[in-house]
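Here's structure_25.cif, which has mmCIF, C-alpha atoms:
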data_structure
#
loop_
_atom_site.label_atom_id
_atom_site.label_comp_id
_atom_site.auth_asym_id
_atom_site.auth_seq_id
_atom_site.Cartn_x
_atom_site.Cartn_y
_atom_site.Cartn_z
CA MET A 672 -25.74 -3.64 18.29
CA ASN A 673 -22.01 -4.27 18.60
CA GLU A 674 -20.14 -1.23 17.29
CA ARG A 675 -16.69 -1.71 15.70
CA PRO A 676 -13.90 -0.02 17.70
CA ILE A 677 -12.28 3.12 16.33
CA ARG A 678 -8.49 3.30 15.99
CA ARG A 679 -5.84 5.76 14.90
CA THR A 680 -3.53 4.68 12.12
CA PRO A 681 0.16 4.21 12.90
CA LEU A 682 2.74 5.53 10.43
CA ILE A 683 4.93 2.63 9.37
CA ARG A 684 8.50 3.26 8.25
CA MET A 685 10.29 0.41 6.56
CA SER A 686 13.90 0.95 5.44
CA ASP A 687 16.34 -1.05 3.33
CA ILE A 688 19.46 -0.64 1.22
CA VAL A 689 19.50 -1.39 -2.52
CA LEU A 690 21.88 -4.27 -3.30
CA PRO A 691 23.26 -5.29 -6.71
CA GLY A 692 20.84 -8.22 -7.09
CA GLN A 693 17.90 -5.79 -6.84
CA THR A 694 19.02 -3.64 -9.77
CA ASN A 695 18.79 -3.78 -13.54
CA ASN A 696 21.57 -3.19 -16.08
CA HIS A 697 21.20 0.59 -15.53
CA GLY A 698 22.03 0.25 -11.83
CA THR A 699 18.49 1.21 -10.78
CA MET A 700 16.14 -0.82 -8.62
CA PHE A 701 13.80 -3.19 -10.46
CA GLY A 702 10.22 -1.87 -10.39
CA GLY A 703 8.99 -5.24 -9.14
CA GLU A 704 11.34 -4.99 -6.15
CA VAL A 705 9.91 -1.56 -5.32
CA LEU A 706 6.35 -2.89 -5.64
CA ALA A 707 7.12 -5.87 -3.39
CA MET A 708 8.62 -3.59 -0.74
CA MET A 709 5.55 -1.34 -0.96
CA ASP A 710 3.30 -4.41 -0.57
CA ARG A 711 5.14 -5.50 2.58
CA ALA A 712 4.89 -1.98 4.05
CA ALA A 713 1.15 -1.89 3.25
CA ALA A 714 0.65 -5.28 4.92
CA ILE A 715 2.51 -4.19 8.06
CA ALA A 716 0.47 -0.96 8.27
CA ALA A 717 -2.78 -2.88 7.81
CA ILE A 718 -1.89 -5.60 10.34
CA ARG A 719 -0.81 -3.07 12.94
CA PHE A 720 -4.04 -1.16 12.40
CA CYS A 721 -6.51 -4.02 12.60
CA ARG A 722 -4.40 -6.59 14.51
CA GLN A 723 -5.58 -9.28 12.10
CA GLN A 724 -4.05 -11.04 9.11
CA VAL A 725 -4.48 -9.32 5.74
CA VAL A 726 -4.08 -10.09 2.06
CA THR A 727 -3.51 -7.73 -0.84
CA ALA A 728 -6.68 -7.33 -2.91
CA SER A 729 -5.46 -4.78 -5.47
CA THR A 730 -3.14 -1.89 -6.18
CA GLU A 731 -3.80 1.34 -7.96
CA ARG A 732 -1.65 2.63 -10.81
CA ILE A 733 1.91 3.39 -9.73
CA ASP A 734 4.14 5.73 -11.71
CA PHE A 735 7.84 5.71 -10.90
CA ARG A 736 8.96 9.36 -10.71
CA THR A 737 12.61 9.12 -9.64
CA PRO A 738 14.97 6.15 -10.00
CA ILE A 739 16.33 4.37 -6.96
CA HIS A 740 20.02 3.54 -7.45
CA HIS A 741 22.28 0.72 -6.30
CA GLY A 742 23.50 1.64 -2.82
CA ASP A 743 20.63 4.04 -2.06
CA LEU A 744 18.74 3.76 1.18
CA VAL A 745 15.01 3.27 0.63
CA ASP A 746 12.21 4.31 2.98
CA MET A 747 8.63 3.18 2.62
CA LEU A 748 6.20 5.29 4.67
CA ALA A 749 2.82 3.59 4.95
CA LYS A 750 -0.44 4.42 6.69
CA VAL A 751 -4.07 3.35 6.53
CA ILE A 752 -6.14 6.18 5.04
CA TYR A 753 -9.54 4.50 4.63
CA THR A 754 -11.44 1.60 6.14
CA GLY A 755 -14.51 -0.26 5.01
CA THR A 756 -16.11 -3.18 6.80
CA THR A 757 -13.37 -5.71 5.96
CA SER A 758 -10.99 -3.77 3.71
CA LEU A 759 -8.47 -0.97 4.11
CA ILE A 760 -6.75 1.42 1.72
CA VAL A 761 -3.09 1.99 2.58
CA ARG A 762 -1.01 4.86 1.16
CA ILE A 763 2.68 4.12 0.68
CA ASP A 764 5.23 6.84 -0.15
CA ALA A 765 8.61 5.60 -1.44
CA TRP A 766 11.70 7.71 -0.82
CA ALA A 767 15.32 7.15 -1.86
CA GLU A 768 18.27 8.58 0.03
CA ASP A 769 21.87 8.97 -1.01
CA PRO A 770 23.69 7.39 1.94
CA ILE A 771 26.65 9.80 1.75
CA SER A 772 25.04 13.19 1.06
CA GLY A 773 21.74 12.44 2.81
CA GLU A 774 19.83 13.90 -0.17
CA ARG A 775 16.30 12.45 -0.21
CA ARG A 776 14.15 11.99 -3.32
CA TRP A 777 10.46 11.16 -3.49
CA CYS A 778 10.15 8.23 -5.91
CA THR A 779 6.48 7.26 -6.00
CA THR A 780 3.23 6.93 -4.08
CA GLY A 781 1.01 3.88 -4.21
CA PHE A 782 -2.37 2.88 -2.84
CA TYR A 783 -2.90 -0.76 -1.88
CA SER A 784 -6.25 -2.30 -1.01
CA MET A 785 -5.91 -4.88 1.75
CA VAL A 786 -8.57 -7.26 3.09
CA SER A 787 -8.58 -8.62 6.63
CA VAL A 788 -9.01 -12.39 6.76
CA GLY A 789 -9.80 -14.77 9.60
CA ILE A 790 -8.24 -18.17 10.22
CA ASP A 791 -10.81 -19.63 7.81
CA GLY A 792 -9.49 -17.36 5.03
CA ARG A 793 -12.75 -15.40 4.80
CA PRO A 794 -12.98 -11.60 5.12
CA THR A 795 -13.46 -10.42 8.69
CA ALA A 796 -14.58 -7.09 10.19
CA ILE A 797 -11.98 -4.48 11.08
CA PRO A 798 -11.99 -1.39 13.31
CA ARG A 799 -13.05 1.97 11.89
CA LEU A 800 -10.38 4.58 11.21
CA LEU A 801 -10.39 7.62 13.47
CA VAL A 802 -10.40 10.74 11.28
CA GLU A 803 -9.73 14.00 13.15
CA THR A 804 -7.68 16.45 11.07
CA ALA A 805 -8.31 18.11 7.71
CA THR A 806 -5.43 16.08 6.22
CA GLU A 807 -6.90 12.84 7.56
CA GLN A 808 -10.30 13.82 6.12
CA ALA A 809 -8.75 14.54 2.71
CA ASP A 810 -6.93 11.19 2.83
CA TRP A 811 -10.19 9.45 3.82
CA GLU A 812 -12.05 11.02 0.88
CA HIS A 813 -9.27 9.99 -1.51
CA GLY A 814 -9.42 6.45 -0.11
CA ALA A 815 -13.21 6.40 -0.54
CA LYS A 816 -12.78 7.35 -4.22
CA ILE A 817 -10.24 4.56 -4.67
CA LYS A 818 -12.62 2.08 -3.02
CA ALA A 819 -15.43 3.20 -5.37
CA LEU A 820 -13.13 2.78 -8.41
CA ILE A 821 -12.20 -0.73 -7.26
CA SER A 822 -15.89 -1.62 -6.87
CA GLU A 823 -16.65 -0.33 -10.37
CA ARG A 824 -13.75 -2.32 -11.86
CA LEU A 825 -14.93 -5.49 -10.16
CA LYS A 826 -18.48 -5.01 -11.46
CA ALA A 827 -17.24 -4.34 -15.00
CA ASN A 828 -14.85 -7.29 -15.05
CA ASP A 829 -17.20 -9.87 -16.46
CA ALA A 830 -14.72 -11.31 -18.98
CA PRO A 831 -14.84 -15.10 -19.25
CA ILE A 832 -12.03 -17.06 -17.62
CA PRO A 833 -9.49 -17.81 -20.35
CA ALA A 834 -8.66 -21.38 -21.29
CA ASP A 835 -5.39 -22.62 -19.86
CA PRO A 836 -3.15 -23.05 -22.94
CA LEU A 837 -1.02 -25.63 -21.15
CA THR A 838 -3.95 -28.02 -20.80
CA LEU A 839 -5.22 -27.79 -24.39
#
Could you take the file, read its structure, and then write that structure out as structure tokens?
Amino acid sequence: MNERPIRRTPLIRMSDIVLPGQTNNHGTMFGGEVLAMMDRAAAIAAIRFCRQQVVTASTERIDFRTPIHHGDLVDMLAKVIYTGTTSLIVRIDAWAEDPISGERRWCTTGFYSMVSVGIDGRPTAIPRLLVETATEQADWEHGAKIKALISERLKANDAPIPADPLTL
């Protein structure tokens, strides 16, 4: 039997500065901009882990705790915390930093489910995550719970496909 390789997860740090076009009329970063940045960080973490292309399958609930202001520096810290056969759970922590004072604020944490895909677009096997420390084990268990919740949601989502109102 061919065993999947085991890999450590790299910690990905993605940084940016908040520009005026990324903010609302309150001078704070649009939530969608934050989510998109988190999605890119999750994809980079997943690709670096499995060395294969990935797509976003789902995200868990994200609550914005602290606003990110125009001119702030933003750091996304992402790492794979759980692996299945073809999917990964990536944790992303968003931090804002005042560029002058250096004060850092935790803004939110998100969990993105990513699926590895081959050139044919179909899910493909990924390496297993190496779990060695108590923190890594706790992260793994949290990721396993998220994976179970996703599976339950998918089973329960038997709603009919809505009619396209633009074609009626």
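The space separating atom CA of A:Val689 from atom CA of A:Gly742 comes to 5.0 Å.
Counting from atom CA of A:Arg679, the distance to atom CA of A:Phe782 is 18.3 Å.
The two atoms in question, atom CA of A:Gln723 and atom CA of A:Gly792, are spaced 11.4 Å apart.
Among the candidates A:Arg732, A:Arg678, A:His741, A:Arg793, the one nearest to A:Phe701 when counting all atoms listed in the file is A:His741.
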Calculate, to one decimal in Å, the centre and edge lengths of the box along x, y and z of the file that holds all listed atoms of stretch 789-800 of chain A with 4 Å of margin on each side, and present them as lines of an AutoDock Vina configuration file.
center_x = -11.4
center_y = -7.5
center_z = 9.1
size_x = 14.3
size_y = 32.2
size_z = 16.5
